[in-house]
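Q: Structure in structure tokens, see below.
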There are 2 protein chains.
Amino acid sequence: MDSSRKQPTIQDVARHANVSAATVSRVLSTPDRVSEATRARVTSAVTETGYTINQAARSLRLQRARTILTAMPGIGNPYYSTVLEAVVTTAATRGYGVLVTGRLGDDPARWLSDYFLSNRADGLLLFDGFLDTRKLHAISADGSAMPLVAAYDELPDPQINSVITDNLQAAERAVQHLFDLGHRKIGHISGPSRNTFPNERLVGFRKAMFERRLPVREDWIFPGNYAMQSGEAAAAHFAALPERPTAIFAANDEMAIGLISSFRRHGIECPRDISVMGFDDITIAHNYFPALTTMRQPREEIGRIATETLVNILEGNHESREPVRVVLQSELIVRESTTSPARA
Amino acid sequence: MDSSRKQPTIQDVARHANVSAATVSRVLSTPDRVSEATRARVTSAVTETGYTINQAARSLRLQRARTILTAMPGIGNPYYSTVLEAVVTTAATRGYGVLVTGRLGDDPARWLSDYFLSNRADGLLLFDGFLDTRKLHAISADGSAMPLVAAYDELPDPQINSVITDNLQAAERAVQHLFDLGHRKIGHISGPSRNTFPNERLVGFRKAMFERRLPVREDWIFPGNYAMQSGEAAAAHFAALPERPTAIFAANDEMAIGLISSFRRHGIECPRDISVMGFDDITIAHNYFPALTTMRQPREEIGRIATETLVNILEGNHESREPVRVVLQSELIVRESTTSPARA
DNA sequence: GAGATCAATGCAATCGATTTCAAAATCTTC
DNA sequence: GAAGATTTTGAAATCGATTGCATTGATCTC
């Protein structure tokens with residue numbers, strides 16, 4: 001009733017049970033070190049008082065927050081939101097909370113100090129390939145170990161722990177699929193490239209084309225940014241071309257959807273006039289029209305394994321000094337958006 | 001280099017600048033209370049040492065964590081993920097972190113004590129209409145004030161702060177749109193109902209039908225759960241019916257998409273054979289085929305306003321004792337999935 | 001039965017930042 | 001130049017939980 005009454009502290013419980021605070025603490029963390037009688041007294045004192053531990057005090061004392069921080073380029077995006085859901089559930093079962101941050105400008109130092117270095121989080125799940133990991137390293141060399149697992153679509157620095165899928169190989173298999181259907185004129189909508197590194201899926205695309213002795217026409221490669229709008233922009237680009245490819249491999253499903261739907265407004269039908277395949281297998285992919293052929297990424301698995309890896313490191317269950325490196329497989333999902341090219 | 005070196009504390013900075021820790025603290029929080037000379041010394045000592053505040057210690061002392069907790073039924077879902085993104089950005093600009101939790105069983109007490117009562121979070125953003133707010137109240141009466149803003153699609157307890165859209169009215173306008181096109185046989189795929197309360201959009205649907213003297217056939221109301229699969233299930237149901245409605249209003253876009261795409265597999269084309277409208281206007285809605293007619297929910301706005309309201313309450317900028325109640329408007333977005341019924 | 005061993009518990013220091021109170025330094029004013 | 005007003009600073013208590021060390025009491029052994 002008295003809504004101004006403070007939260008009970010461990011001292012209150014101790015008084016209630018006629019023991020010291022130390023004993024209460026031990027009952028809570030190492031029950032076997034306490035006699036059965038007192039343990040019972042303390043336990044019931046806990047429920048009577050409605051005691052809940054003060055995490056701030058605990059974090060201060062233990063220098064650990066039981067919280068992990070995730071950095072994602074776009075939470076609203078269907079790919080990352082599924083990953084995040086897996087992260088949250090996995091972390092919860094391991095007793096960890098999840099702090100979420102978006103992309104806060106170019107300077108990782110800013111939010112790193114806001115969150116991480118300040119004892120708010122014990123480790124970092126990095127899903128944003130555009131943060132400069134060298135900057136992160138620089139900061140961590142500054143004095144603080146920074147447990148970190150990266151899981152993004154670009155090849156991460158080999159020195160950091162990572163959970164990835166083999167984009168190069170997946171892109172090759174995508175091209176292989178189109179090739180098997182009989183396509184020889186294949187275009188691409190790429191993901192964004194980092195300053196120095198070209199987008200992995202683009203590299204895989206070029207490699208696959210080269211190995212099959214197919215010509216790569218630069219005007220058949222549209223530089224996208226994974227947003228649906230850039231699929232729409234690509235449609236305008238390809239529609240205006242004097243000669244068009246018979247198939248386009250988009251670096252993610254959203255761009256593929258933007259492309260197909262914009263093509264339709266230009267009178268170009270998929271798959272009748274052009275085959276399109278995506279990447280990721282987001283949830284609507286199989287209910288889109290036409291149902292999307294795509295390379296499935298194991299999104300839940302990525303989130304789960306990345307989280308488990310990080311928690312293992314945080315809890316010291318990870319013996320080796322070598323960085324962890326998990327490579328997951330993508331799976332080709334053939335649906336309706338790709339067919340053999342029309343005889344021209 | 002020495003990666004075992006500890007984070008510098010406020011004491012280290014104080015030593016560096018030849019002042020007391022109290023002064024450093026003042027430079028950081030109330031700079032005008034410190035002379036210009038010492039302020040300069042302290043500021044450079046801060047940068048030299050690379051000091052960052054220890055949030056655990058600060059939280060313990062201030063009894064506030066500058067963190068809010070969000071409870072969502074499904075982060076992976078395109079509606080909530082957009083809302084969450086807005087929450088995270090808004091919170092960040094106000095200097096708050098965001099802890100995310102999914103739905104952890106029926107008992108809010110469990111995670112409430114895990115997160116909230118334990119000083120990990122200062123307030124709660126509740127997007128899950130299926131948590132029993134009376135249980136939450138019960139706990140808060142237990143001694144702790146629990147700042148809370150609810151923002152879900154069901155009518156919240158009038159005693160709690162809320163940011164909602166008027167679902168009743170929105171559902172009516174949806175029916176009105178179909179009515180205006182000439183539809184008289186209208187079906188519905190509903191969202192889930194809470195124990196005692198029927199789903200709001202369903203109520204709005206019935207009300208609108210009643211007011212227009214249209215018959216409500218119970219076999220034309222399919223009980224859904226907002227998941228795409230239940231749209232698919234609805235398609236099977238409606239396809240098997242001897243007589244079908246000419247238009248179906250789905251309580252969200254995902255069910256509408258599941259419905260349309262499954263209908264197509266049954267040879268029923270939208271909008272040729274049946275008009276379908278959705279609710280929410282999720283991002284793919286305008287690039288779906290057919291582009292989806294829907295009631296747009298201001299998702300970013302809901303997330304932003306809910307967050308701002310909560311932060312205002314937490315910071316005490318909120319004078320009145322009355323619960324805050326913000327009602328936002330939905331907007332009818334007419335696209336291709338609805339047309340006049342075919343002459344039979 | 002006395003000394004040794006071990007389990008159970010308490011005392012008090014500690015984690016790092018904030019803030020009250022008081023002292024010290026500076027500035028006014030006549 | 002002295003008394004008073006004002007600004008600047010520091011000492012120390014505090015937030016709540018954990019844990020090394022010391023103490024008590026019980027059990028064991030010969």
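Each chain in the structure tokens gets a letter, A, B and so on, in the order shown; residues start at 1 in every chain, and ligands are counted from 1 in the order they appear.
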So that I can see what lies close to stretch 13-24 of chain B, please list as a list of chain:residue names the residues with an atom at most 6 Å from it, counting only C-alpha atoms (C1' of nucleotides) and leaving out residues fewer than 6 positions away in the same chain.
A: B:Arg41, B:Val42, B:Ala45, B:Val46
Q: From a backbone DSSP assignment, name each residue in stretch 284-317 of chain A labelled strand (DSSP E), as a list in words.
A: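 Put together, the selection reads Thr293, Thr294, Met295 and Arg296 of chain A.
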Q: Create the file for the chosen residues now, containing N, CA and C atoms and written as an mmCIF file, in the first residue's frame.
A:
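Contents of the output file part.cif:
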```cif
data_model
loop_
_atom_site.group_PDB
_atom_site.id
_atom_site.type_symbol
_atom_site.label_atom_id
_atom_site.label_comp_id
_atom_site.auth_asym_id
_atom_site.auth_seq_id
_atom_site.Cartn_x
_atom_site.Cartn_y
_atom_site.Cartn_z
ATOM 1 N N THR A 293 13.006 -17.309 -54.974
ATOM 2 C CA THR A 293 14.173 -18.185 -54.900
ATOM 3 C C THR A 293 15.273 -17.409 -54.179
ATOM 4 N N THR A 294 15.947 -18.071 -53.247
ATOM 5 C CA THR A 294 16.872 -17.318 -52.403
ATOM 6 C C THR A 294 17.890 -18.236 -51.746
ATOM 7 N N MET A 295 18.933 -17.660 -51.201
ATOM 8 C CA MET A 295 19.885 -18.409 -50.387
ATOM 9 C C MET A 295 19.491 -18.189 -48.930
ATOM 10 N N ARG A 296 19.082 -19.244 -48.283
ATOM 11 C CA ARG A 296 18.641 -19.074 -46.899
ATOM 12 C C ARG A 296 19.820 -18.908 -45.944
#
```
Q: Need the shell around A:Gly74: protein/DNA/RNA residues with any atom at most 10 Å away, counting only C-alpha atoms (C1' of nucleotides). Skip same-chain ones fewer than 4 positions apart. Format as a list of chain:residue names?
A: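 Skipping anything fewer than 4 positions along the chain leaves A:Pro78, A:Tyr79, A:Tyr80, A:Ser81, A:Thr101, A:Gly102, A:Arg103, A:Phe127, A:Asp128, B:Ser81, B:Thr82, B:Glu85.
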Q: Can you pull out the residues contacting stretch 12-16 of chain C? Cut-off 10 Å, using only C-alpha atoms (C1' of nucleotides), and skip same-chain residues under 2 positions away; I want them as number ranges by chain.
A: A: 57-63; B: 9-11, 53-58, 60-61; C: 10, 18; D: 17-21
Q: What is the atom CA of A:Phe210-atom CA of A:Gln176 distance in Å, reported with one decimal?
A: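 So the answer is 11.7 Å.
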Q: I'd like the neighbourhood of A:Val327 as a JSON list (two decimals) with C-alpha atoms, in the first residue's frame, where a residue qualifies if any of its atoms comes within 12 Å (using only C-alpha atoms (C1' of nucleotides)), though same-chain residues fewer than 6 positions away should be ignored.
A:
```json
[["chain", "number", "residue", "atom", "x", "y", "z"],
["A", 150, "ALA", "CA", 31.19, -10.35, -34.72],
["A", 151, "ALA", "CA", 28.46, -11.75, -36.93],
["A", 152, "TYR", "CA", 27.99, -9.78, -40.07],
["A", 153, "ASP", "CA", 27.89, -10.36, -43.75],
["A", 155, "LEU", "CA", 34.55, -10.93, -43.75],
["A", 156, "PRO", "CA", 35.59, -9.90, -40.26],
["A", 161, "ASN", "CA", 35.70, -13.99, -32.75],
["A", 162, "SER", "CA", 33.12, -14.42, -35.45],
["A", 163, "VAL", "CA", 30.04, -16.32, -36.50],
["A", 164, "ILE", "CA", 29.45, -16.02, -40.20],
["A", 165, "THR", "CA", 28.11, -17.75, -43.26],
["A", 166, "ASP", "CA", 30.31, -18.33, -46.23],
["A", 167, "ASN", "CA", 29.07, -15.55, -48.48],
["A", 168, "LEU", "CA", 31.55, -16.24, -51.20],
["A", 169, "GLN", "CA", 30.44, -19.80, -51.57],
["A", 170, "ALA", "CA", 26.77, -18.91, -51.20],
["A", 297, "GLN", "CA", 20.69, -17.70, -44.05],
["A", 298, "PRO", "CA", 20.25, -19.49, -40.74],
["A", 301, "GLU", "CA", 21.21, -19.94, -35.57],
["A", 302, "ILE", "CA", 23.49, -17.01, -36.19],
["A", 305, "ILE", "CA", 25.44, -19.23, -31.66],
["A", 306, "ALA", "CA", 26.90, -15.75, -31.54]]
```
Q: Using only C-alpha atoms (C1' of nucleotides), select each residue of chain D with any atom at most 7 Å away from an atom of chain B, and give the selection as a ChimeraX atom specification.
A: /D:8,10,15
Q: Only C-alpha atoms (C1' of nucleotides), please: the residues just picked out, written as an mmCIF file, in the first residue's frame.
A:
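Below you can see out-v6.cif, which holds the result:
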```
data_model
loop_
_atom_site.group_PDB
_atom_site.id
_atom_site.type_symbol
_atom_site.label_atom_id
_atom_site.label_comp_id
_atom_site.auth_asym_id
_atom_site.auth_seq_id
_atom_site.Cartn_x
_atom_site.Cartn_y
_atom_site.Cartn_z
ATOM 1 C "C1'" DT D 8 35.468 26.974 -4.279
ATOM 2 C "C1'" DG D 10 37.646 18.573 0.431
ATOM 3 C "C1'" DC D 15 24.200 3.445 -1.977
#
```
Q: Quick check, in Å to one decimal: how far apart do atom CA of B:Gly50 and atom C1' of C:DT19 lie?
A: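 Distance between the two atoms: 24.4 Å.
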